[in-house]
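Below: structure.csv (CSV, C-alpha atoms)
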chain,number,residue,atom,x,y,z
A,1,MET,CA,104.8,52.9,105.8
A,2,ALA,CA,104.3,56.0,108.0
A,3,THR,CA,103.5,55.3,111.7
A,4,CYS,CA,100.6,56.8,113.5
A,5,GLU,CA,103.0,58.7,115.7
A,6,HIS,CA,104.6,60.4,112.7
A,7,ILE,CA,101.2,61.1,111.0
A,8,LYS,CA,99.6,62.5,114.1
A,9,ARG,CA,102.4,65.1,114.3
A,10,LYS,CA,101.3,66.2,110.8
A,11,LEU,CA,97.6,66.1,111.2
A,12,ALA,CA,97.2,69.7,112.4
A,13,ASP,CA,99.2,71.0,109.5
A,14,TYR,CA,97.2,68.8,107.2
A,15,ALA,CA,93.9,70.1,108.7
A,16,VAL,CA,94.8,73.7,107.9
A,17,GLY,CA,96.2,72.9,104.4
A,18,GLY,CA,99.7,73.6,105.4
A,19,LEU,CA,101.4,70.5,103.9
A,20,ARG,CA,103.1,70.2,100.6
A,21,ALA,CA,101.6,67.9,98.0
A,22,ARG,CA,103.8,64.9,98.7
A,23,ALA,CA,103.4,65.1,102.4
A,24,GLU,CA,99.6,65.6,102.0
A,25,ALA,CA,99.3,62.6,99.8
A,26,ARG,CA,101.3,60.5,102.4
A,27,VAL,CA,98.9,61.6,105.2
A,28,GLU,CA,95.8,60.8,103.1
A,29,ARG,CA,97.1,57.3,102.2
A,30,HIS,CA,97.6,56.7,106.0
A,31,LEU,CA,94.2,58.1,106.9
A,32,ASP,CA,92.5,55.8,104.4
A,33,ALA,CA,93.8,52.8,106.4
A,34,CYS,CA,93.8,54.1,110.0
A,35,PRO,CA,90.5,54.8,111.9
A,36,ALA,CA,92.4,56.2,114.9
A,37,CYS,CA,94.1,58.9,112.9
A,38,ARG,CA,90.8,59.6,111.2
A,39,ALA,CA,89.2,60.1,114.6
A,40,GLU,CA,92.0,62.4,115.7
A,41,LEU,CA,91.6,64.5,112.5
A,42,ALA,CA,87.9,64.8,113.2
A,43,ALA,CA,88.7,65.9,116.8
A,44,LEU,CA,90.9,68.6,115.4
A,45,GLY,CA,88.0,69.7,113.2
A,46,ARG,CA,85.6,69.9,116.2
A,47,THR,CA,88.2,71.9,118.1
A,48,ALA,CA,88.1,74.5,115.3
A,49,ASN,CA,84.3,74.5,115.4
A,50,LEU,CA,84.3,75.1,119.2
A,51,VAL,CA,86.5,78.2,118.6
A,52,SER,CA,84.3,79.5,115.8
A,53,GLN,CA,81.2,79.2,118.0
A,54,VAL,CA,82.6,81.8,120.5
A,55,GLY,CA,81.5,84.5,118.0
A,56,LEU,CA,82.3,88.1,117.8
A,57,GLU,CA,81.8,90.7,120.5
A,58,PRO,CA,80.4,94.1,119.4
A,59,ALA,CA,82.3,97.2,120.4
A,60,PRO,CA,80.5,99.5,122.9
A,61,GLU,CA,78.7,102.3,121.1
A,62,ALA,CA,80.9,104.8,122.9
A,63,VAL,CA,83.7,103.6,120.6
A,64,TRP,CA,81.8,105.0,117.6
A,65,GLN,CA,80.9,108.2,119.4
A,66,GLY,CA,84.6,108.7,120.0
A,67,VAL,CA,85.6,108.0,116.4
A,68,ARG,CA,82.9,110.3,115.1
A,69,ALA,CA,84.0,113.1,117.4
A,70,ALA,CA,87.6,112.7,116.3
A,71,ILE,CA,86.5,112.8,112.6
A,72,GLU,CA,84.5,115.9,113.1
A,73,MET,CA,87.3,117.6,115.0
A,74,ARG,CA,89.7,116.9,112.2
A,75,ARG,CA,87.3,118.1,109.5
A,76,ARG,CA,86.7,121.4,111.3
A,77,ALA,CA,90.5,121.9,111.8
A,78,ARG,CA,91.3,121.2,108.1
A,79,PRO,CA,89.7,124.3,106.5
A,80,ARG,CA,91.4,126.6,109.1
A,81,LEU,CA,94.7,124.9,108.3
A,82,VAL,CA,94.1,125.4,104.6
A,83,ALA,CA,93.1,129.0,105.0
A,84,ARG,CA,96.0,129.8,107.2
A,85,ARG,CA,98.4,128.3,104.6
A,86,TRP,CA,96.9,130.5,101.8
A,87,VAL,CA,97.1,133.6,104.0
A,88,LEU,CA,100.8,132.8,104.5
A,89,VAL,CA,101.4,132.3,100.8
A,90,ALA,CA,99.5,135.5,99.9
A,91,ALA,CA,101.5,137.4,102.5
A,92,ALA,CA,104.7,136.1,101.2
A,93,ALA,CA,103.8,137.1,97.7
A,94,VAL,CA,102.9,140.6,98.7
A,95,PHE,CA,106.1,140.9,100.7
A,96,LEU,CA,108.1,139.7,97.7
A,97,LEU,CA,106.4,142.1,95.3
A,98,PHE,CA,106.8,145.0,97.7
A,99,GLY,CA,110.4,144.2,98.2
A,100,LEU,CA,111.0,144.1,94.4
A,101,LEU,CA,109.4,147.4,93.9
A,102,LEU,CA,111.4,149.1,96.6
A,103,LEU,CA,114.7,147.6,95.7
A,104,PRO,CA,116.9,150.4,94.4
A,105,THR,CA,118.1,149.9,90.9
A,106,ARG,CA,121.2,151.4,89.1
A,107,ARG,CA,120.3,152.8,85.8
A,108,ALA,CA,122.5,154.5,83.4
A,109,PRO,CA,121.8,158.1,83.5
A,110,GLU,CA,119.6,159.1,80.7
A,111,PRO,CA,121.2,161.4,78.2
A,112,VAL,CA,119.9,164.9,78.5
A,113,VAL,CA,118.7,166.0,75.1
A,114,VAL,CA,119.4,169.6,74.5
A,115,PRO,CA,118.1,171.2,71.3
A,116,MET,CA,120.8,172.3,68.8
A,117,ALA,CA,119.9,176.0,68.9
A,118,GLN,CA,120.0,176.1,72.7
A,119,ALA,CA,123.3,174.1,72.7
A,120,ASP,CA,124.9,176.8,70.4
A,121,GLU,CA,123.7,179.6,72.6
A,122,GLU,CA,125.0,178.0,75.7
A,123,LEU,CA,128.4,177.3,74.1
A,124,GLN,CA,128.6,181.0,73.1
A,125,ARG,CA,127.9,182.1,76.6
A,126,THR,CA,130.5,179.7,78.0
A,127,MET,CA,133.1,180.9,75.6
A,128,GLN,CA,132.3,184.5,76.4
A,129,ARG,CA,132.6,183.9,80.2
A,130,HIS,CA,136.0,182.2,79.8
A,131,LEU,CA,137.3,184.9,77.4
A,132,THR,CA,136.2,187.7,79.7
A,133,ALA,CA,137.7,186.0,82.8
A,134,SER,CA,141.0,185.3,81.0
A,135,GLU,CA,141.7,188.9,80.2
A,136,SER,CA,142.9,189.4,83.8
A,137,ALA,CA,144.4,185.9,84.4
A,138,PRO,CA,144.9,184.1,81.1
A,139,LEU,CA,147.0,181.2,82.5
A,140,ALA,CA,144.4,180.4,85.2
A,141,ASP,CA,141.8,179.4,82.7
A,142,SER,CA,142.6,176.3,80.7
A,143,ALA,CA,139.5,176.7,78.6
A,144,ALA,CA,140.5,180.2,77.5
A,145,ILE,CA,144.0,179.0,76.7
A,146,GLY,CA,142.5,176.4,74.4
A,147,LEU,CA,140.2,178.9,72.8
A,148,ALA,CA,143.1,181.2,72.3
A,149,LEU,CA,145.3,178.6,70.7
A,150,GLY,CA,142.5,177.6,68.5
A,151,SER,CA,142.2,181.1,67.2
A,152,TRP,CA,145.9,181.3,66.5
A,153,GLU,CA,145.8,178.1,64.4
A,154,GLU,CA,143.0,179.5,62.3
A,155,ASP,CA,145.1,182.7,61.8
A,156,SER,CA,148.2,180.8,60.8
B,1,MET,CA,83.0,97.2,101.0
B,2,LEU,CA,85.2,98.2,98.2
B,3,ASP,CA,82.9,101.0,97.2
B,4,ALA,CA,82.6,102.2,100.8
B,5,VAL,CA,86.5,102.2,101.1
B,6,ARG,CA,86.8,104.3,97.9
B,7,ARG,CA,84.1,106.8,99.0
B,8,ALA,CA,85.7,107.0,102.4
B,9,GLN,CA,89.0,107.7,100.8
B,10,SER,CA,87.4,110.6,99.1
B,11,GLY,CA,86.3,112.0,102.4
B,12,SER,CA,82.9,110.6,103.0
B,13,ALA,CA,82.3,110.2,106.7
B,14,GLU,CA,79.1,108.3,106.0
B,15,ALA,CA,81.0,105.7,104.0
B,16,PHE,CA,83.5,105.4,106.8
B,17,GLU,CA,80.7,104.8,109.2
B,18,ASP,CA,79.6,101.9,107.0
B,19,LEU,CA,83.1,100.5,107.2
B,20,TYR,CA,83.1,100.9,110.9
B,21,ARG,CA,79.8,99.1,111.3
B,22,ALA,CA,81.1,96.3,109.1
B,23,CYS,CA,84.4,95.8,110.9
B,24,GLN,CA,83.9,97.0,114.5
B,25,ALA,CA,83.0,93.6,116.0
B,26,GLY,CA,85.9,91.9,114.4
B,27,ILE,CA,88.4,94.5,115.4
B,28,TYR,CA,87.0,94.8,119.0
B,29,THR,CA,87.0,91.0,119.4
B,30,PHE,CA,90.5,90.9,118.1
B,31,ILE,CA,91.8,93.6,120.4
B,32,ARG,CA,89.8,92.1,123.3
B,33,SER,CA,91.7,88.8,122.9
B,34,GLN,CA,95.0,90.6,123.2
B,35,VAL,CA,94.6,93.1,126.1
B,36,ARG,CA,93.3,92.7,129.7
B,37,GLU,CA,90.9,95.6,130.4
B,38,PRO,CA,87.7,96.1,128.3
B,39,GLU,CA,88.2,99.8,128.7
B,40,LEU,CA,91.7,99.6,127.2
B,41,ALA,CA,90.3,97.4,124.4
B,42,ALA,CA,87.6,100.0,123.6
B,43,ASP,CA,90.2,102.8,123.7
B,44,LEU,CA,92.5,100.9,121.3
B,45,ALA,CA,89.6,100.1,119.0
B,46,GLN,CA,88.7,103.8,118.8
B,47,GLN,CA,92.4,104.7,118.1
B,48,THR,CA,92.5,102.0,115.4
B,49,PHE,CA,89.5,103.5,113.5
B,50,VAL,CA,90.6,107.1,114.0
B,51,ARG,CA,94.1,106.3,112.7
B,52,ALA,CA,92.4,104.5,109.8
B,53,TRP,CA,90.4,107.6,108.9
B,54,GLU,CA,93.5,109.7,109.0
B,55,SER,CA,95.6,107.4,106.9
B,56,LEU,CA,92.9,106.1,104.5
B,57,PRO,CA,93.9,108.3,101.6
B,58,ARG,CA,97.3,106.6,101.6
B,59,LEU,CA,95.8,103.0,101.3
B,60,ARG,CA,96.6,101.9,97.8
B,61,GLU,CA,94.6,98.7,97.6
B,62,ALA,CA,90.9,99.1,98.7
B,63,GLY,CA,90.5,95.4,98.9
B,64,ALA,CA,93.2,95.2,101.6
B,65,PHE,CA,91.2,97.5,104.0
B,66,ARG,CA,90.4,94.8,106.6
B,67,ALA,CA,93.9,93.4,106.7
B,68,TRP,CA,95.3,96.9,106.9
B,69,LEU,CA,92.9,97.8,109.7
B,70,HIS,CA,94.1,94.7,111.6
B,71,ARG,CA,97.7,95.8,111.0
B,72,ILE,CA,96.9,99.2,112.6
B,73,ALA,CA,95.4,97.4,115.6
B,74,ILE,CA,98.4,95.1,115.9
B,75,ASN,CA,100.8,98.0,116.0
B,76,LEU,CA,98.7,99.8,118.6
B,77,ILE,CA,98.6,96.7,120.8
B,78,ARG,CA,102.4,96.3,120.4
B,79,ASP,CA,102.9,99.9,121.5
B,80,GLU,CA,100.7,99.4,124.5
B,81,ALA,CA,102.5,96.1,125.4
B,82,LYS,CA,105.8,98.1,125.3
B,83,SER,CA,104.4,100.6,127.7
B,84,GLY,CA,103.5,97.7,130.0
B,85,ARG,CA,99.8,98.5,130.1
B,86,ALA,CA,98.5,95.7,127.9
B,87,ARG,CA,98.5,92.4,129.7
B,88,LEU,CA,96.4,89.5,128.9
B,89,GLU,CA,94.8,87.5,131.7
B,90,VAL,CA,93.2,84.2,131.4
B,91,ALA,CA,89.7,85.3,131.1
B,92,ALA,CA,87.6,84.7,134.2
B,93,SER,CA,84.0,83.6,134.0
B,94,ARG,CA,81.9,86.4,132.6
B,95,LEU,CA,78.3,86.7,133.3
B,96,GLU,CA,77.7,88.7,130.2
B,97,ASP,CA,78.1,85.5,128.2
B,98,VAL,CA,74.6,84.6,129.4
B,99,ASP,CA,72.0,86.6,127.6
B,100,LEU,CA,69.6,87.2,130.4
B,101,ALA,CA,66.9,88.5,128.1
B,102,GLU,CA,67.1,85.3,126.2
B,103,VAL,CA,66.7,83.1,129.2
B,104,ALA,CA,64.1,85.1,131.0
B,105,GLY,CA,61.0,83.0,131.5
B,106,SER,CA,62.6,79.9,130.0
B,107,ASP,CA,62.2,76.5,131.4
B,108,GLU,CA,64.9,74.9,133.4
B,109,ASP,CA,66.3,72.8,130.5
B,110,THR,CA,66.7,75.9,128.3
B,111,LEU,CA,68.3,77.8,131.2
B,112,VAL,CA,70.7,75.0,131.8
B,113,ARG,CA,71.6,74.7,128.1
B,114,THR,CA,72.2,78.5,127.9
B,115,VAL,CA,74.4,78.5,131.0
B,116,VAL,CA,76.3,75.5,129.7
B,117,ALA,CA,76.8,77.2,126.3
B,118,ALA,CA,78.1,80.3,128.1
B,119,GLU,CA,80.4,78.3,130.2
B,120,LEU,CA,81.8,76.5,127.1
B,121,LYS,CA,82.4,79.9,125.4
B,122,GLN,CA,84.2,81.0,128.5
B,123,GLN,CA,86.4,77.9,128.5
B,124,VAL,CA,87.3,78.3,124.9
B,125,ARG,CA,88.2,82.0,125.4
B,126,ALA,CA,90.3,80.9,128.4
B,127,ALA,CA,92.1,78.3,126.3
B,128,VAL,CA,92.7,80.8,123.4
B,129,ALA,CA,94.0,83.3,125.9
B,130,THR,CA,96.8,80.8,126.9
B,131,LEU,CA,98.2,80.7,123.3
B,132,PRO,CA,101.2,82.7,122.3
B,133,ALA,CA,100.2,86.2,121.0
B,134,GLU,CA,100.9,85.4,117.3
B,135,GLN,CA,99.0,82.1,117.4
B,136,ARG,CA,96.1,83.8,119.3
B,137,GLN,CA,96.0,86.6,116.7
B,138,ALA,CA,95.9,84.1,113.8
B,139,VAL,CA,93.2,82.0,115.6
B,140,VAL,CA,90.9,85.0,116.2
B,141,MET,CA,91.2,86.3,112.7
B,142,HIS,CA,90.7,82.9,111.1
B,143,HIS,CA,88.1,81.2,113.3
B,144,LEU,CA,86.2,84.1,114.7
B,145,GLU,CA,86.4,86.7,112.0
B,146,GLY,CA,86.5,84.2,109.1
B,147,MET,CA,89.5,85.8,107.4
B,148,PRO,CA,91.4,83.7,104.8
B,149,VAL,CA,95.0,82.8,105.4
B,150,ALA,CA,96.3,85.2,102.7
B,151,GLU,CA,94.5,88.1,104.3
B,152,ILE,CA,95.8,87.2,107.7
B,153,ALA,CA,99.3,87.0,106.3
B,154,GLN,CA,98.9,90.5,104.9
B,155,ALA,CA,97.6,91.8,108.3
B,156,MET,CA,100.5,90.2,110.2
B,157,GLY,CA,103.2,90.9,107.7
B,158,VAL,CA,104.2,87.3,107.3
B,159,ARG,CA,104.0,84.6,104.6
B,160,PRO,CA,100.9,82.5,104.3
B,161,GLY,CA,102.9,79.4,105.3
B,162,THR,CA,103.8,81.1,108.5
B,163,VAL,CA,100.1,81.7,109.2
B,164,MET,CA,99.2,78.1,108.5
B,165,SER,CA,102.0,76.9,110.8
B,166,ARG,CA,100.7,79.2,113.6
B,167,LEU,CA,97.1,78.0,113.1
B,168,ALA,CA,98.3,74.3,113.2
B,169,ARG,CA,100.3,74.8,116.4
B,170,ALA,CA,97.3,76.7,117.9
B,171,ARG,CA,94.9,73.9,117.0
B,172,GLU,CA,97.1,71.2,118.5
B,173,ALA,CA,97.4,73.2,121.8
B,174,LEU,CA,93.6,73.9,121.9
B,175,ARG,CA,92.8,70.3,121.1
B,176,GLY,CA,94.7,69.4,124.3
B,177,ARG,CA,93.2,72.1,126.5
B,178,LEU,CA,89.6,71.6,125.3
B,179,SER,CA,89.8,67.8,125.1
B,180,ARG,CA,86.9,67.3,127.5
B,181,TYR,CA,84.6,69.5,125.4
B,182,VAL,CA,85.9,68.1,122.1
B,183,GLU,CA,85.0,64.6,123.3
B,184,GLU,CA,81.6,65.8,124.4
B,185,GLN,CA,81.0,67.3,121.0
B,186,GLU,CA,81.7,63.9,119.4
B,187,GLY,CA,79.2,62.3,121.7
B,188,GLY,CA,76.7,65.0,120.8
B,189,GLY,CA,76.6,66.2,124.4
What is this structure when it is put down as structure tokens?
Amino acid sequence: MATCEHIKRKLADYAVGGLRARAEARVERHLDACPACRAELAALGRTANLVSQVGLEPAPEAVWQGVRAAIEMRRRARPRLVARRWVLVAAAAVFLLFGLLLLPTRRAPEPVVVPMAQADEELQRTMQRHLTASESAPLADSAAIGLALGSWEEDS
Amino acid sequence: MLDAVRRAQSGSAEAFEDLYRACQAGIYTFIRSQVREPELAADLAQQTFVRAWESLPRLREAGAFRAWLHRIAINLIRDEAKSGRARLEVAASRLEDVDLAEVAGSDEDTLVRTVVAAELKQQVRAAVATLPAEQRQAVVMHHLEGMPVAEIAQAMGVRPGTVMSRLARAREALRGRLSRYVEEQEGGG
């Protein structure tokens, strides 16, 4: 059988519901038979009541004033922060777009389309220039040499 | 309170004020039991609620608001203790425990009873002040604020069994320090 000394050491844990089922049952069996331990359990209960009677202390109203001021300050700061962020995003987008537009790009040269009739006329003029120039220095003009060789092949 | 928490999470300052009104006395009393100066306690209480407003959108479980609020207060108190500013003194007698408006014009018996009650409160506060910090926190949350063990465990970041052990050890210590008043209570005096 558990002694009062042993049970008294468990009473506070029993009072707060901190004992496991077996230990709780052992304490309760002892309490059924021991007025002294029952009295001590009741004293622990009154101790808890004394503490509860102290009650709560309200915070000074200045605490709420400070909290409200801090909330207001943060609410006023938030739209500016959001706006500033959007300005930065917009600026970055404009910069990027501008940069893309100005970036020099290499393109294949577009073919110059020359009408057929105009091409023939230009060819004739080129040939005439070379043939005229070659009369005085035939070996200096490779184009004339080619033209001359071409005419010999036709003749042969 | 759940509804107020959710509305406050959506940005309602009015809802947050409702939460403040519901929790301010508990938080202030809790902090007051941990730090020396009333001015510092008020400052820490303010910081607790401001930090709660800032972090409220991140609170996942609305039902854990009170425990979460206490966790913020505990962290702030811990930071102050590290800085060396927060020290707990054994509370001296405080005249503000006597509500002068209540006793004005009262007969002698009423006045004596009021002063005796105030003295008793003072003695209980002094006894609680001598407890180790973690036992003191558990006692204030449980016996003064009425928080259940599970909620206290959440606030302190420990298991419920640990909270119960702290409450039990605290009650044993208080039983010894307040024995005179405990016996008087038995006698009805």
Should the cut-off be 6 Å, what would the residue list for chain A against chain B look like, counting all atoms listed in the file, as a JSON list (two decimals) with C-alpha atoms, in the frame of the given file?
[["chain", "number", "residue", "atom", "x", "y", "z"],
["A", 12, "ALA", "CA", 97.20, 69.70, 112.40],
["A", 13, "ASP", "CA", 99.20, 71.00, 109.50],
["A", 18, "GLY", "CA", 99.70, 73.60, 105.40],
["A", 47, "THR", "CA", 88.20, 71.90, 118.10],
["A", 52, "SER", "CA", 84.30, 79.50, 115.80],
["A", 54, "VAL", "CA", 82.60, 81.80, 120.50],
["A", 55, "GLY", "CA", 81.50, 84.50, 118.00],
["A", 56, "LEU", "CA", 82.30, 88.10, 117.80],
["A", 57, "GLU", "CA", 81.80, 90.70, 120.50],
["A", 58, "PRO", "CA", 80.40, 94.10, 119.40],
["A", 59, "ALA", "CA", 82.30, 97.20, 120.40],
["A", 63, "VAL", "CA", 83.70, 103.60, 120.60],
["A", 67, "VAL", "CA", 85.60, 108.00, 116.40]]
| task | Choose the residue, out of B:Ala62, B:Leu40, B:Ala133, B:Ala81, that has the smallest atom-to-atom separation from B:Ala4; count only C-alpha atoms. | result | B:Ala62
| Nearest to A:Ala43, chosen from A:Cys4, A:Leu11, A:Ala62, A:Met73, with all atoms listed in the file counted in the distances | A:Leu11
| said: What does the structure give for the distance between atom CA of A:Ala33 and atom CA of A:Val51, in Å to one decimal? | reply: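 Going from atom CA of A:Ala33 over to atom CA of A:Val51 covers 29.1 Å.
Atom CA of B:Pro57 is positioned 5.0 Å from atom CA of B:Gln9.
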| message | What's the separation between atom CA of B:Ala153 and atom CA of B:Ile74, in Å to one decimal place? | response | 12.6 Å
| said: Measuring between all atoms listed in the file, which one of B:Val158, B:Ala173, B:Arg60, B:Val5 shows the shortest distance to B:Leu131? | reply: B:Ala173
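Each of A:Glu72, A:Ile7, A:Gly45, A:Val16 was checked against A:Leu31 using all atoms listed in the file; the smallest atom-to-atom distance is that of A:Ile7.
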| Restricting the calculation to all atoms listed in the file, which member of B:Ser33, B:Gln154, B:Asn75, B:Ser83 is positioned closest to B:Arg136? | B:Ser33
